[in-house]
Amino acid sequence: MGRANHDNAGKQRGGIVKRGQCWYVRIIHNGKEVKRSAGRSKQAAQELLGKLRADLDREAAGLAPKPKGTVLLCDFVPQYLAWARVHKRSVARDEWCLPQLQKVFGHLRLTEITKARVGTFIRDRSAEAAPATVNRQVALLRKVLSLAVEYGEIENNPLRGIKLL
């Protein structure tokens with residue numbers, strides 16, 4: 001991996017690497033390693049590396065970290081799809097399901113998606129779709145939120161433990 005040292009008292013270093021067709025970002029800060037997948041675009045990997053470094057610089061300067069939960073679902077979906085294209089065989093189904101989920105939840109911040117709202121979605125959607133379809137859509141939304149937790153956009157997944165049909 002190409003290493004790029006960051007002049008933060010020698011405590012932060014990292015870089016990007018391509019494995020197969022996917023680019024990965026890796027930063028080590030104060031002995032803690034942070035790794036993220038950036039999809040198939042080198043530019044996306046460079047942008048993600050810059051974002052991670054900026055977040056760490058804010059923390060080192062004593063500034064408050066970027067507030068969590070301010071990202072809208074519709075803004076996070078491209079990051080999820082970049083991850084899914086590399087890590088999931090069912091990405092075509094995800095690409096089909098996500099527009100339907102975005103109609104209902106796309107305008108909401110990730111923190112505004114609650115079990116109650118998803119329960120209403122399940123009730124309304126089950127009137128027009130098969131239970132298996134509804135379950136797949138809810139499972140997809142749960143995975144998107146899990147990735148948002150992993151990427152540090154929200155503290156915890158509100159759909160963890162939700163009952164499916």
# chains A, B, ... in the order shown; residues from 1 in each chain; ligands from 1
>>> select_by_dssp(residues="chain A", states="strand (DSSP E or B)", output="list of chain:residue names")
A:Ala4, A:Asn5, A:His6, A:Gln12, A:Arg13, A:Gly14, A:Gly15, A:Ile16, A:Val17, A:Lys18, A:Arg19, A:Cys22, A:Trp23, A:Tyr24, A:Val25, A:Arg26, A:Ile27, A:Ile28, A:His29, A:Lys32, A:Glu33, A:Val34, A:Lys35, A:Arg36, A:Ser37, A:Ala38, A:Gly39, A:Leu72, A:Arg109
>>> write_last_selection(atoms="C-alpha atoms", output="mmCIF file, in the first residue's frame")
data_model
loop_
_atom_site.group_PDB
_atom_site.id
_atom_site.type_symbol
_atom_site.label_atom_id
_atom_site.label_comp_id
_atom_site.auth_asym_id
_atom_site.auth_seq_id
_atom_site.Cartn_x
_atom_site.Cartn_y
_atom_site.Cartn_z
ATOM 1 C CA ALA A 4 1.109 8.899 2.884
ATOM 2 C CA ASN A 5 2.263 10.385 6.147
ATOM 3 C CA HIS A 6 0.166 13.155 7.544
ATOM 4 C CA GLN A 12 -1.491 9.772 11.615
ATOM 5 C CA ARG A 13 -0.681 7.908 8.440
ATOM 6 C CA GLY A 14 -2.616 6.129 5.786
ATOM 7 C CA GLY A 15 -3.348 5.734 2.158
ATOM 8 C CA ILE A 16 -5.361 3.988 -0.510
ATOM 9 C CA VAL A 17 -4.845 0.646 -2.164
ATOM 10 C CA LYS A 18 -6.550 -1.235 -4.983
ATOM 11 C CA ARG A 19 -7.309 -4.902 -4.481
ATOM 12 C CA CYS A 22 -12.077 -2.233 -5.445
ATOM 13 C CA TRP A 23 -10.267 0.674 -3.794
ATOM 14 C CA TYR A 24 -9.733 0.672 -0.030
ATOM 15 C CA VAL A 25 -8.785 3.440 2.375
ATOM 16 C CA ARG A 26 -6.656 2.795 5.437
ATOM 17 C CA ILE A 27 -5.652 5.255 8.159
ATOM 18 C CA ILE A 28 -3.765 4.607 11.368
ATOM 19 C CA HIS A 29 -4.272 7.308 13.973
ATOM 20 C CA LYS A 32 -5.964 2.733 15.920
ATOM 21 C CA GLU A 33 -6.581 1.453 12.399
ATOM 22 C CA VAL A 34 -9.567 2.612 10.364
ATOM 23 C CA LYS A 35 -10.359 0.812 7.070
ATOM 24 C CA ARG A 36 -13.127 1.580 4.580
ATOM 25 C CA SER A 37 -14.118 0.316 1.163
ATOM 26 C CA ALA A 38 -14.476 3.057 -1.436
ATOM 27 C CA GLY A 39 -15.880 1.066 -4.350
ATOM 28 C CA LEU A 72 -30.213 12.116 4.652
ATOM 29 C CA ARG A 109 -32.158 11.979 8.228
#
>>> residues_around(residues="stretch 140-145 of chain A", least_positions_apart="3", cutoff="6 Å", atoms="only C-alpha atoms", output="VMD selection string")
chain A and resid 137 148 157 159
>>> atom_distance(atom1="atom CA of A:Cys74", atom2="atom CA of A:Gly106")
4.6 Å
>>> residues_around(residues="stretch 117-129 of chain A", least_positions_apart="5", cutoff="9 Å", atoms="only C-alpha atoms", output="list in words")
Val104, Phe105, Glu112, Val134, Asn135, Val138, Leu159, Ile162, Lys163, Leu164 and Leu165 of chain A
>>> write_last_selection(atoms="C-alpha atoms", output="mmCIF file, in the first residue's frame")
data_model
loop_
_atom_site.group_PDB
_atom_site.id
_atom_site.type_symbol
_atom_site.label_atom_id
_atom_site.label_comp_id
_atom_site.auth_asym_id
_atom_site.auth_seq_id
_atom_site.Cartn_x
_atom_site.Cartn_y
_atom_site.Cartn_z
ATOM 1 C CA VAL A 104 -40.774 6.700 1.807
ATOM 2 C CA PHE A 105 -37.555 7.354 3.771
ATOM 3 C CA GLU A 112 -35.152 9.994 11.935
ATOM 4 C CA VAL A 134 -41.586 -6.480 2.339
ATOM 5 C CA ASN A 135 -39.095 -8.459 4.442
ATOM 6 C CA VAL A 138 -36.841 -3.932 5.483
ATOM 7 C CA LEU A 159 -33.774 -1.335 13.147
ATOM 8 C CA ILE A 162 -36.975 -5.405 14.247
ATOM 9 C CA LYS A 163 -39.554 -8.136 13.655
ATOM 10 C CA LEU A 164 -40.165 -9.112 10.063
ATOM 11 C CA LEU A 165 -43.326 -10.605 8.620
#
>>> atom_distance(atom1="atom CA of A:Val71", atom2="atom CA of A:Glu153")
7.1 Å
>>> residues_around(residues="A:Glu95", least_positions_apart="6", cutoff="12 Å", atoms="only C-alpha atoms", output="JSON, numbers by chain")
{"A": [77, 78, 80, 81, 82, 84, 85, 88, 89, 101, 102, 137, 140]}
>>> atom_distance(atom1="atom CA of A:Gln100", atom2="atom CA of A:Gly152")
24.8 Å
>>> decode(residues="stretch 21-42 of chain A", atoms="N, CA, C and O atoms", output="mmCIF file, in the first residue's frame")
data_model
loop_
_atom_site.group_PDB
_atom_site.id
_atom_site.type_symbol
_atom_site.label_atom_id
_atom_site.label_comp_id
_atom_site.auth_asym_id
_atom_site.auth_seq_id
_atom_site.Cartn_x
_atom_site.Cartn_y
_atom_site.Cartn_z
ATOM 1 N N GLN A 21 -10.820 -5.134 -8.121
ATOM 2 C CA GLN A 21 -11.415 -3.968 -8.764
ATOM 3 C C GLN A 21 -11.867 -2.925 -7.764
ATOM 4 O O GLN A 21 -12.473 -1.932 -8.133
ATOM 5 N N CYS A 22 -11.590 -3.123 -6.488
ATOM 6 C CA CYS A 22 -12.077 -2.233 -5.445
ATOM 7 C C CYS A 22 -10.943 -1.439 -4.810
ATOM 8 O O CYS A 22 -9.853 -1.971 -4.591
ATOM 9 N N TRP A 23 -11.213 -0.184 -4.491
ATOM 10 C CA TRP A 23 -10.267 0.674 -3.794
ATOM 11 C C TRP A 23 -10.607 0.680 -2.306
ATOM 12 O O TRP A 23 -11.778 0.730 -1.927
ATOM 13 N N TYR A 24 -9.568 0.658 -1.482
ATOM 14 C CA TYR A 24 -9.733 0.672 -0.030
ATOM 15 C C TYR A 24 -8.925 1.815 0.565
ATOM 16 O O TYR A 24 -7.861 2.167 0.057
ATOM 17 N N VAL A 25 -9.445 2.369 1.649
ATOM 18 C CA VAL A 25 -8.785 3.440 2.375
ATOM 19 C C VAL A 25 -8.366 2.895 3.730
ATOM 20 O O VAL A 25 -9.135 2.186 4.382
ATOM 21 N N ARG A 26 -7.154 3.252 4.143
ATOM 22 C CA ARG A 26 -6.656 2.795 5.437
ATOM 23 C C ARG A 26 -5.944 3.961 6.104
ATOM 24 O O ARG A 26 -5.076 4.587 5.506
ATOM 25 N N ILE A 27 -6.314 4.227 7.354
ATOM 26 C CA ILE A 27 -5.652 5.255 8.159
ATOM 27 C C ILE A 27 -5.317 4.645 9.506
ATOM 28 O O ILE A 27 -6.131 3.921 10.088
ATOM 29 N N ILE A 28 -4.136 4.957 10.001
ATOM 30 C CA ILE A 28 -3.765 4.607 11.368
ATOM 31 C C ILE A 28 -3.583 5.921 12.112
ATOM 32 O O ILE A 28 -2.801 6.781 11.689
ATOM 33 N N HIS A 29 -4.325 6.074 13.183
ATOM 34 C CA HIS A 29 -4.272 7.308 13.973
ATOM 35 C C HIS A 29 -4.125 6.932 15.435
ATOM 36 O O HIS A 29 -4.987 6.255 15.994
ATOM 37 N N ASN A 30 -3.031 7.348 16.035
ATOM 38 C CA ASN A 30 -2.742 7.029 17.436
ATOM 39 C C ASN A 30 -2.851 5.538 17.704
ATOM 40 O O ASN A 30 -3.420 5.116 18.701
ATOM 41 N N GLY A 31 -2.360 4.740 16.783
ATOM 42 C CA GLY A 31 -2.345 3.292 16.967
ATOM 43 C C GLY A 31 -3.647 2.593 16.634
ATOM 44 O O GLY A 31 -3.730 1.369 16.689
ATOM 45 N N LYS A 32 -4.677 3.328 16.266
ATOM 46 C CA LYS A 32 -5.964 2.733 15.920
ATOM 47 C C LYS A 32 -6.124 2.745 14.394
ATOM 48 O O LYS A 32 -5.963 3.778 13.760
ATOM 49 N N GLU A 33 -6.445 1.574 13.842
ATOM 50 C CA GLU A 33 -6.581 1.453 12.399
ATOM 51 C C GLU A 33 -8.040 1.621 11.976
ATOM 52 O O GLU A 33 -8.944 1.053 12.587
ATOM 53 N N VAL A 34 -8.241 2.406 10.940
ATOM 54 C CA VAL A 34 -9.567 2.612 10.364
ATOM 55 C C VAL A 34 -9.476 2.217 8.903
ATOM 56 O O VAL A 34 -8.639 2.731 8.167
ATOM 57 N N LYS A 35 -10.337 1.267 8.460
ATOM 58 C CA LYS A 35 -10.359 0.812 7.070
ATOM 59 C C LYS A 35 -11.762 1.001 6.508
ATOM 60 O O LYS A 35 -12.742 0.742 7.201
ATOM 61 N N ARG A 36 -11.847 1.426 5.256
ATOM 62 C CA ARG A 36 -13.127 1.580 4.580
ATOM 63 C C ARG A 36 -12.985 1.172 3.120
ATOM 64 O O ARG A 36 -11.965 1.404 2.493
ATOM 65 N N SER A 37 -14.047 0.622 2.578
ATOM 66 C CA SER A 37 -14.118 0.316 1.163
ATOM 67 C C SER A 37 -14.654 1.544 0.441
ATOM 68 O O SER A 37 -15.600 2.174 0.902
ATOM 69 N N ALA A 38 -14.058 1.876 -0.692
ATOM 70 C CA ALA A 38 -14.476 3.057 -1.436
ATOM 71 C C ALA A 38 -15.061 2.713 -2.801
ATOM 72 O O ALA A 38 -15.283 3.587 -3.618
ATOM 73 N N GLY A 39 -15.293 1.453 -3.070
ATOM 74 C CA GLY A 39 -15.880 1.066 -4.350
ATOM 75 C C GLY A 39 -14.838 0.984 -5.443
ATOM 76 O O GLY A 39 -13.662 0.771 -5.198
ATOM 77 N N ARG A 40 -15.264 1.187 -6.675
ATOM 78 C CA ARG A 40 -14.379 0.982 -7.830
ATOM 79 C C ARG A 40 -13.736 2.256 -8.336
ATOM 80 O O ARG A 40 -13.059 2.251 -9.353
ATOM 81 N N SER A 41 -13.919 3.353 -7.644
ATOM 82 C CA SER A 41 -13.406 4.626 -8.116
ATOM 83 C C SER A 41 -12.226 5.091 -7.260
ATOM 84 O O SER A 41 -12.342 5.225 -6.045
ATOM 85 N N LYS A 42 -11.095 5.360 -7.917
ATOM 86 C CA LYS A 42 -9.936 5.874 -7.191
ATOM 87 C C LYS A 42 -10.242 7.261 -6.633
ATOM 88 O O LYS A 42 -9.834 7.598 -5.522
#
